[in-house]
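Peer 1: Sharing a structure below in structure tokens format, with a few things to ask.
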Amino acid sequence: MTGEDEKQGPERDLWAHAIERAGLGVWDADLQTGDCYYSPSWARMLGYAPGELPRDPDVWLALLHPDDREQAIASGDRHVAGLTERIDTEMRLRHKDGHWVWVLDRGGSVAWDAWGKPTRIVGVQTDITRRKQAEDRLAQINARLRLALDASGTGIWHHDFATRTSFWDARTHEIFGLPSGDGEVARDQWVSQLHPEDRQRAEREHTLPRKTGATAQLRYRMIRTDGEIRHLETLVRFVPEFGEEGQFVGTVQDITEACLREEELARAASHDRLTGLLNRSAFDAELARALEHVEDRPFAIYYLDLDYFKALNDVAGHATGDSALQMIGRIISQALPHDATAARLGGDEFAILAPLADGQEPSTLAQTILRAIAGTSFGENAGSPKLGASIGYALINDGSISQAEAVARADDACYAAKASGRNRCVAFGEGAAASTSGLTAARILSDTIDGMEDDRLLLFGQQIHILGLPWSRSHRCEVLARLQDRNGRLIPPGAFIPAAERFGMASRLDRWIVRNALQRYGHAMRGPGDLVLGFNLSAQTLSVPGLWEFVDREVEASHAAHSNLVFEITETAAVTNFQAAERFVHAARERNCRVSLDDFGSGLSSFDYLRRFPVDSIKINGDFVENLAGSAFDQAVVRAITDIAKAIGLTVVAEKIEDGDTQALLKNLGIRYGQGFFLHRPEPLDAIMVQLQESRARM
Ligand code: C2E
Ligand code: CA
Ligand code: CA
């Protein structure tokens, strides 16, 4: 041990105190004797009291972490060999508790022999455990961050204001189509690749965070070095503490795919899938916008309804029907002035908004479309009538007109066109009769909507019997809507449902009926023998998104059974909404709801639908039943329908049975169910419920 210290007295005390206070460990090795002195502070750093450690010069080696041994010894050897200026190494020593203490060991020679070989080396060890732990945590955070950046494909970059240099990581290089790299890029690299249309805005938004201190998010297009246009999103923040004048620190992400998907979704939400024209809701929005500016820019609104579309569909099939609708869509698009918009409102109805141009007669557009339709073959068969169109239009130049009224005027003129022989165009106001009916439709509609809100929409029902047996044997009932006008008069559905359909409100009405019927009578619809309610659904309802979630929710809330619900869809609804009808029937079957094909036989190829829609029952169109006793033809039709339906296991229901003879005939034909004034006149469902309870009490 080099016991003899050169420094004496107060100066030595000062050093010792400083070292003690700083918590540094001092060692002093005499290379000639092989002895080594360790200061008490060194022992304390490792948790030992002075004198507790053996007086062994190699005691540090005994405490050294095996993984650090090689490097620590080498660091000393290199210095002794004269290869390094000093010893400088980090290592772990075992604390008395057993944990590892990270120390920074720094030292060097202080005495040499005649040949210049070191004879004495002194050094200081500092506890750097805390720093090491912090570094460790930082490395972990970095690794996680890198992983997240890699997973999200995000690149990171920064720009230093003092040096005016930008640094991009490898991913940023990749995004911009630059050769793989990681580091400084040309000063104008970013700006030079910005899409010319986005350049000014992107540059401006990019510099904002320097003023605001907030993180800016910007989206812009960039032209890759290979010429491809990509959509990027960048987050950027100004960090004043970095560098001498601060830095922009940012991320960049290629969001091209997400942008394209967004565009597609937006398109799907506002466009009709079949024709590519706007859909009803997008048209409504366009109309609202046009009305806002009508004082400066008057416009014409056109309503186009196809003639003989159903016949085409029936005879030539729904694929031909779809392609005809597509062709009509194209004809309209081609005839359209550049500043006009066109929409398919549903089924075979279309609408157009066109600004009024000076010196241009608004009927010209309609005539052009009519001529094009007349000159086109839509795949009609020899026997079927030629597809045509009736167009009505109205000039709108007055800001006080409501949206519903504008549509009603064109719609009304369209009716007039149909009434006066189809395949023509009529302007609103031509003919006194025409000028009121459309507005009446709008009025009826708003009355219907109010009716839902103030309980003037009433639930009536008509019993459906097993022919020849009392109602208690079936407990089936068709729900029929009635609207009570403000004077208490009952308006039949035929007078308000078509208006609701024309204005796209029918599904709201249908859902209102289903919800209210289930809320009131669902408790009596729990299973076999209980009340079975049949609901009429409009074509529009079949394709309402979330329809079945709605039905499921209402069924569950009311404790009814799905099997006690029948949905009646008309053939016409199925034809104009083929795919929606198909999906509807399958969804109904999954839940055990029953489906009945209403007004069966009115289409020319009704039997074809039976193959495509696996319904539970068909309801023979009342037109064939009404005069059954007196018409051999009707009897033949009813017999044919019944035979086929029975052959494929469907229940047949006959409606509009008005007398006993008809009932007897139907029974003979083998029809099981029937309804009509002869059996029961529609009355409020509440009254029918009383009968249900009475028949239950008797049982
Ligand atoms: P539908 O489904 O064919 O309903 C049968 C219609 O025939 C009912 O007229 C009923 O009152 C009437 N009827 C019943 N028995 C006889 C009879 O012996 N002779 C005659 N001549 N008629 C009879 P209603 O209630 O006026 O309904 C007309 C149509 O309105 C229904 O025809 C149905 O398509 C529709 N409808 C009724 N309620 C709703 C509803 O809640 N939603 C939807 N979307 N449509 C409904
Ligand atoms: Ca019905
Ligand atoms: Ca019917």
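As shown in the structure tokens, the chain order sets the letters A, B, ...; within each chain, residues go from 1, and ligands are also counted from 1 in the order they appear.
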List all protein, DNA and RNA residues that have at least one atom no more than 12 Å from any atom of ligand 3, counting only C-alpha atoms and all ligand atoms, and write them as a ChimeraX atom specification.
Peer 2: /A:462,478-480,494,534-537,567-572,596-602,618-626,653-657,674-676
Peer 1: Just list the residues in segment 111-198 of chain A DSSP gives helix (DSSP H, G or I) on the backbone, as number ranges by chain.
Peer 2: A: 129-152, 170-175, 189-193, 196-198
Peer 1: At a cut-off of 7 Å, using only C-alpha atoms, what residues contact segment 157-173 of chain A? Leave out same-chain residues fewer than 4 positions from it and give the result as a ChimeraX atom specification.
Peer 2: /A:177-185,187,243-252
Peer 1: Give me the residues near segment 370-377 of chain A as a list in words, where near means some atom within 8 Å (using only C-alpha atoms) and where sequence neighbours in that chain fewer than 6 positions away do not count.
Peer 2: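 With the cut-off at 8 Å, the set is Ile328, Ile331, Leu387, Gly388, Ala389, Asn423 and Arg424 of chain A.
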Peer 1: Which residues are near Val236 of chain A? Cut-off 12 Å, only C-alpha atoms, ignore same chain within fewer than 3 positions. Put them as a PyMOL selection string.
Peer 2: chain A and resi 155-159+202-203+205-210+212-219+233+239+247-253
Peer 1: Save the residues we just selected, N, CA and C atoms, as a PDB file, in the first residue's frame?
Peer 2:
ATOM      1  N   GLY A 155     -42.544   8.297 -41.204  1.00  0.00           N
ATOM      2  CA  GLY A 155     -41.177   8.771 -41.284  1.00  0.00           C
ATOM      3  C   GLY A 155     -41.005   9.947 -40.341  1.00  0.00           C
ATOM      4  N   ILE A 156     -39.772  10.178 -39.854  1.00  0.00           N
ATOM      5  CA  ILE A 156     -39.553  11.368 -39.024  1.00  0.00           C
ATOM      6  C   ILE A 156     -38.414  12.195 -39.607  1.00  0.00           C
ATOM      7  N   TRP A 157     -38.493  13.479 -39.349  1.00  0.00           N
ATOM      8  CA  TRP A 157     -37.509  14.386 -39.928  1.00  0.00           C
ATOM      9  C   TRP A 157     -37.374  15.592 -39.012  1.00  0.00           C
ATOM     10  N   HIS A 158     -36.324  16.354 -39.177  1.00  0.00           N
ATOM     11  CA  HIS A 158     -36.256  17.642 -38.491  1.00  0.00           C
ATOM     12  C   HIS A 158     -35.502  18.639 -39.343  1.00  0.00           C
ATOM     13  N   HIS A 159     -35.769  19.904 -39.028  1.00  0.00           N
ATOM     14  CA  HIS A 159     -35.117  20.980 -39.759  1.00  0.00           C
ATOM     15  C   HIS A 159     -34.503  21.919 -38.736  1.00  0.00           C
ATOM     16  N   ALA A 202     -49.441  24.313 -48.330  1.00  0.00           N
ATOM     17  CA  ALA A 202     -48.617  23.437 -47.495  1.00  0.00           C
ATOM     18  C   ALA A 202     -47.471  24.222 -46.867  1.00  0.00           C
ATOM     19  N   GLU A 203     -46.834  25.088 -47.668  1.00  0.00           N
ATOM     20  CA  GLU A 203     -45.710  25.860 -47.127  1.00  0.00           C
ATOM     21  C   GLU A 203     -46.176  26.782 -46.005  1.00  0.00           C
ATOM     22  N   GLU A 205     -48.966  26.465 -44.077  1.00  0.00           N
ATOM     23  CA  GLU A 205     -49.373  25.720 -42.881  1.00  0.00           C
ATOM     24  C   GLU A 205     -48.170  25.159 -42.134  1.00  0.00           C
ATOM     25  N   HIS A 206     -47.148  24.867 -42.899  1.00  0.00           N
ATOM     26  CA  HIS A 206     -45.955  24.247 -42.361  1.00  0.00           C
ATOM     27  C   HIS A 206     -45.207  25.181 -41.420  1.00  0.00           C
ATOM     28  N   THR A 207     -45.283  26.487 -41.703  1.00  0.00           N
ATOM     29  CA  THR A 207     -44.506  27.419 -40.891  1.00  0.00           C
ATOM     30  C   THR A 207     -45.298  27.913 -39.681  1.00  0.00           C
ATOM     31  N   LEU A 208     -46.604  27.618 -39.672  1.00  0.00           N
ATOM     32  CA  LEU A 208     -47.455  28.126 -38.587  1.00  0.00           C
ATOM     33  C   LEU A 208     -46.957  27.776 -37.185  1.00  0.00           C
ATOM     34  N   PRO A 209     -46.571  26.498 -36.951  1.00  0.00           N
ATOM     35  CA  PRO A 209     -46.239  26.142 -35.567  1.00  0.00           C
ATOM     36  C   PRO A 209     -45.103  26.972 -34.982  1.00  0.00           C
ATOM     37  N   ARG A 210     -44.305  27.617 -35.826  1.00  0.00           N
ATOM     38  CA  ARG A 210     -43.226  28.424 -35.274  1.00  0.00           C
ATOM     39  C   ARG A 210     -43.807  29.628 -34.548  1.00  0.00           C
ATOM     40  N   THR A 212     -47.217  29.732 -33.476  1.00  0.00           N
ATOM     41  CA  THR A 212     -48.227  29.357 -32.491  1.00  0.00           C
ATOM     42  C   THR A 212     -47.670  28.457 -31.398  1.00  0.00           C
ATOM     43  N   GLY A 213     -46.625  27.732 -31.688  1.00  0.00           N
ATOM     44  CA  GLY A 213     -46.089  26.800 -30.701  1.00  0.00           C
ATOM     45  C   GLY A 213     -46.878  25.503 -30.636  1.00  0.00           C
ATOM     46  N   ALA A 214     -47.987  25.437 -31.385  1.00  0.00           N
ATOM     47  CA  ALA A 214     -48.805  24.227 -31.354  1.00  0.00           C
ATOM     48  C   ALA A 214     -48.303  23.235 -32.401  1.00  0.00           C
ATOM     49  N   THR A 215     -48.821  22.022 -32.317  1.00  0.00           N
ATOM     50  CA  THR A 215     -48.490  21.030 -33.330  1.00  0.00           C
ATOM     51  C   THR A 215     -49.434  21.236 -34.508  1.00  0.00           C
ATOM     52  N   ALA A 216     -48.878  21.356 -35.694  1.00  0.00           N
ATOM     53  CA  ALA A 216     -49.728  21.536 -36.867  1.00  0.00           C
ATOM     54  C   ALA A 216     -49.882  20.199 -37.584  1.00  0.00           C
ATOM     55  N   GLN A 217     -51.064  19.999 -38.147  1.00  0.00           N
ATOM     56  CA  GLN A 217     -51.310  18.798 -38.928  1.00  0.00           C
ATOM     57  C   GLN A 217     -51.663  19.266 -40.333  1.00  0.00           C
ATOM     58  N   LEU A 218     -50.957  18.788 -41.327  1.00  0.00           N
ATOM     59  CA  LEU A 218     -51.312  19.216 -42.669  1.00  0.00           C
ATOM     60  C   LEU A 218     -51.329  18.044 -43.636  1.00  0.00           C
ATOM     61  N   ARG A 219     -52.196  18.177 -44.614  1.00  0.00           N
ATOM     62  CA  ARG A 219     -52.308  17.169 -45.656  1.00  0.00           C
ATOM     63  C   ARG A 219     -52.008  17.824 -46.988  1.00  0.00           C
ATOM     64  N   GLU A 233     -49.605  13.030 -44.981  1.00  0.00           N
ATOM     65  CA  GLU A 233     -50.028  13.775 -43.804  1.00  0.00           C
ATOM     66  C   GLU A 233     -48.796  14.021 -42.946  1.00  0.00           C
ATOM     67  N   VAL A 239     -39.600  23.152 -31.813  1.00  0.00           N
ATOM     68  CA  VAL A 239     -38.995  22.941 -30.501  1.00  0.00           C
ATOM     69  C   VAL A 239     -37.860  23.948 -30.337  1.00  0.00           C
ATOM     70  N   GLN A 247     -35.697  23.961 -33.708  1.00  0.00           N
ATOM     71  CA  GLN A 247     -35.865  23.028 -34.830  1.00  0.00           C
ATOM     72  C   GLN A 247     -37.345  22.744 -35.067  1.00  0.00           C
ATOM     73  N   PHE A 248     -37.678  22.451 -36.306  1.00  0.00           N
ATOM     74  CA  PHE A 248     -38.964  21.837 -36.626  1.00  0.00           C
ATOM     75  C   PHE A 248     -38.752  20.340 -36.507  1.00  0.00           C
ATOM     76  N   VAL A 249     -39.629  19.686 -35.754  1.00  0.00           N
ATOM     77  CA  VAL A 249     -39.558  18.234 -35.669  1.00  0.00           C
ATOM     78  C   VAL A 249     -40.868  17.714 -36.238  1.00  0.00           C
ATOM     79  N   GLY A 250     -40.805  16.776 -37.130  1.00  0.00           N
ATOM     80  CA  GLY A 250     -42.043  16.362 -37.774  1.00  0.00           C
ATOM     81  C   GLY A 250     -42.104  14.889 -38.138  1.00  0.00           C
ATOM     82  N   THR A 251     -43.331  14.462 -38.463  1.00  0.00           N
ATOM     83  CA  THR A 251     -43.537  13.106 -38.971  1.00  0.00           C
ATOM     84  C   THR A 251     -44.140  13.249 -40.359  1.00  0.00           C
ATOM     85  N   VAL A 252     -44.068  12.190 -41.102  1.00  0.00           N
ATOM     86  CA  VAL A 252     -44.744  12.194 -42.401  1.00  0.00           C
ATOM     87  C   VAL A 252     -45.262  10.792 -42.678  1.00  0.00           C
ATOM     88  N   GLN A 253     -46.474  10.747 -43.204  1.00  0.00           N
ATOM     89  CA  GLN A 253     -47.116   9.465 -43.436  1.00  0.00           C
ATOM     90  C   GLN A 253     -47.779   9.490 -44.798  1.00  0.00           C
TER      91      GLN A 253
END
Peer 1: From the DSSP assignment of the backbone, select every residue of segment 403-521 of chain A that is strand (DSSP E), and format the answer as JSON, numbers by chain.
Peer 2: {"A": [425, 426, 427, 457, 458, 459, 460, 461, 462, 463, 464, 465, 466, 476, 477, 478, 479, 480, 481, 482, 483, 484, 490, 491]}
Peer 1: Go ahead and dump the residues you just picked, N, CA and C atoms, as a PDB file, in the first residue's frame.
Peer 2:
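Result file is selection37.pdb:
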ATOM      1  N   CYS A 425     -93.530  15.602 -72.225  1.00  0.00           N
ATOM      2  CA  CYS A 425     -93.052  16.461 -71.151  1.00  0.00           C
ATOM      3  C   CYS A 425     -94.066  17.564 -70.926  1.00  0.00           C
ATOM      4  N   VAL A 426     -94.340  17.852 -69.654  1.00  0.00           N
ATOM      5  CA  VAL A 426     -95.336  18.851 -69.302  1.00  0.00           C
ATOM      6  C   VAL A 426     -94.724  19.809 -68.273  1.00  0.00           C
ATOM      7  N   ALA A 427     -95.005  21.079 -68.425  1.00  0.00           N
ATOM      8  CA  ALA A 427     -94.510  22.054 -67.458  1.00  0.00           C
ATOM      9  C   ALA A 427     -95.535  22.239 -66.356  1.00  0.00           C
ATOM     10  N   LEU A 457    -101.766   9.235 -36.630  1.00  0.00           N
ATOM     11  CA  LEU A 457    -101.583   8.084 -37.500  1.00  0.00           C
ATOM     12  C   LEU A 457    -102.125   6.908 -36.692  1.00  0.00           C
ATOM     13  N   LEU A 458    -103.133   6.252 -37.204  1.00  0.00           N
ATOM     14  CA  LEU A 458    -103.835   5.241 -36.411  1.00  0.00           C
ATOM     15  C   LEU A 458    -103.528   3.839 -36.910  1.00  0.00           C
ATOM     16  N   LEU A 459    -103.532   2.911 -35.967  1.00  0.00           N
ATOM     17  CA  LEU A 459    -103.290   1.517 -36.321  1.00  0.00           C
ATOM     18  C   LEU A 459    -104.629   0.797 -36.418  1.00  0.00           C
ATOM     19  N   PHE A 460    -105.000   0.445 -37.652  1.00  0.00           N
ATOM     20  CA  PHE A 460    -106.171  -0.384 -37.861  1.00  0.00           C
ATOM     21  C   PHE A 460    -105.696  -1.790 -38.171  1.00  0.00           C
ATOM     22  N   GLY A 461    -106.623  -2.727 -38.168  1.00  0.00           N
ATOM     23  CA  GLY A 461    -106.234  -4.086 -38.520  1.00  0.00           C
ATOM     24  C   GLY A 461    -107.377  -4.793 -39.206  1.00  0.00           C
ATOM     25  N   GLN A 462    -107.021  -5.781 -40.009  1.00  0.00           N
ATOM     26  CA  GLN A 462    -108.058  -6.633 -40.604  1.00  0.00           C
ATOM     27  C   GLN A 462    -107.704  -8.082 -40.302  1.00  0.00           C
ATOM     28  N   GLN A 463    -108.673  -8.784 -39.742  1.00  0.00           N
ATOM     29  CA  GLN A 463    -108.423 -10.176 -39.371  1.00  0.00           C
ATOM     30  C   GLN A 463    -108.221 -11.042 -40.606  1.00  0.00           C
ATOM     31  N   ILE A 464    -107.340 -12.006 -40.466  1.00  0.00           N
ATOM     32  CA  ILE A 464    -107.136 -13.008 -41.514  1.00  0.00           C
ATOM     33  C   ILE A 464    -107.596 -14.346 -40.923  1.00  0.00           C
ATOM     34  N   HIS A 465    -108.560 -14.963 -41.614  1.00  0.00           N
ATOM     35  CA  HIS A 465    -109.162 -16.186 -41.067  1.00  0.00           C
ATOM     36  C   HIS A 465    -108.630 -17.427 -41.763  1.00  0.00           C
ATOM     37  N   ILE A 466    -108.675 -18.554 -41.036  1.00  0.00           N
ATOM     38  CA  ILE A 466    -108.577 -19.824 -41.747  1.00  0.00           C
ATOM     39  C   ILE A 466    -109.996 -20.019 -42.288  1.00  0.00           C
ATOM     40  N   ARG A 476    -104.575 -14.189 -36.645  1.00  0.00           N
ATOM     41  CA  ARG A 476    -103.726 -13.396 -37.540  1.00  0.00           C
ATOM     42  C   ARG A 476    -104.420 -12.112 -37.929  1.00  0.00           C
ATOM     43  N   CYS A 477    -103.640 -11.106 -38.202  1.00  0.00           N
ATOM     44  CA  CYS A 477    -104.219  -9.795 -38.479  1.00  0.00           C
ATOM     45  C   CYS A 477    -103.245  -8.960 -39.295  1.00  0.00           C
ATOM     46  N   GLU A 478    -103.765  -8.279 -40.309  1.00  0.00           N
ATOM     47  CA  GLU A 478    -102.913  -7.385 -41.099  1.00  0.00           C
ATOM     48  C   GLU A 478    -103.063  -5.969 -40.556  1.00  0.00           C
ATOM     49  N   VAL A 479    -101.950  -5.307 -40.306  1.00  0.00           N
ATOM     50  CA  VAL A 479    -101.995  -3.936 -39.792  1.00  0.00           C
ATOM     51  C   VAL A 479    -102.202  -2.989 -40.973  1.00  0.00           C
ATOM     52  N   LEU A 480    -103.166  -2.099 -40.856  1.00  0.00           N
ATOM     53  CA  LEU A 480    -103.448  -1.135 -41.920  1.00  0.00           C
ATOM     54  C   LEU A 480    -103.415   0.269 -41.320  1.00  0.00           C
ATOM     55  N   ALA A 481    -102.695   1.144 -41.978  1.00  0.00           N
ATOM     56  CA  ALA A 481    -102.540   2.496 -41.442  1.00  0.00           C
ATOM     57  C   ALA A 481    -103.706   3.383 -41.866  1.00  0.00           C
ATOM     58  N   ARG A 482    -104.080   4.289 -40.984  1.00  0.00           N
ATOM     59  CA  ARG A 482    -105.078   5.324 -41.302  1.00  0.00           C
ATOM     60  C   ARG A 482    -104.547   6.650 -40.783  1.00  0.00           C
ATOM     61  N   LEU A 483    -104.795   7.691 -41.533  1.00  0.00           N
ATOM     62  CA  LEU A 483    -104.398   9.020 -41.057  1.00  0.00           C
ATOM     63  C   LEU A 483    -105.655   9.805 -40.741  1.00  0.00           C
ATOM     64  N   GLN A 484    -105.665  10.371 -39.540  1.00  0.00           N
ATOM     65  CA  GLN A 484    -106.829  11.165 -39.171  1.00  0.00           C
ATOM     66  C   GLN A 484    -106.505  12.615 -39.494  1.00  0.00           C
ATOM     67  N   LEU A 490    -111.045  10.151 -41.434  1.00  0.00           N
ATOM     68  CA  LEU A 490    -110.005   9.159 -41.674  1.00  0.00           C
ATOM     69  C   LEU A 490    -109.576   9.178 -43.137  1.00  0.00           C
ATOM     70  N   ILE A 491    -108.275   9.284 -43.362  1.00  0.00           N
ATOM     71  CA  ILE A 491    -107.752   9.244 -44.727  1.00  0.00           C
ATOM     72  C   ILE A 491    -107.179   7.857 -44.964  1.00  0.00           C
TER      73      ILE A 491
END
Peer 1: Name the closest residue to ligand 1 among the candidates A:Leu445, A:Ile497, A:Ala394, A:Ile121; distances are taken between atoms, counting only C-alpha atoms and all ligand atoms.
Peer 2: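 Ranked by minimum distance to ligand 1, first place goes to A:Ile497.
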Peer 1: I'd like the interatomic distance between atom CA of His293 of chain A and atom CA of His338 of chain A, to a tenth of an Å.
Peer 2: 17.9 Å
Peer 1: Return the single residue from A:Ala495, A:Leu138, A:Leu147, A:Val551 that is closest to ligand 1, with distances computed using only C-alpha atoms and all ligand atoms.
Peer 2: A:Ala495
Peer 1: Which is closer to ligand 2 than all the others in A:Ser617, A:Gln334, A:Ser270, A:Asn381, using only C-alpha atoms and all ligand atoms?
Peer 2: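 Among the listed residues, A:Ser617 lies closest to ligand 2.
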Peer 1: State, in Å with one decimal place, the distance from atom 18 (O, counted along the ligand's line) of ligand 1 to atom CA of Glu658 of chain A.
Peer 2: 4.4 Å
Peer 1: Name the closest residue to Trp471 of chain A among the candidates A:Val315, A:Leu610, A:Leu679, A:Leu325; distances are taken between atoms, counting only C-alpha atoms.
Peer 2: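 Using only C-alpha atoms, Trp471 of chain A sits closest to A:Leu679.
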Peer 1: Counting only C-alpha atoms and all ligand atoms, which residue out of A:Asn313, A:Gln635, A:Thr576, A:Ser538 sits closest to ligand 2?
Peer 2: A:Ser538
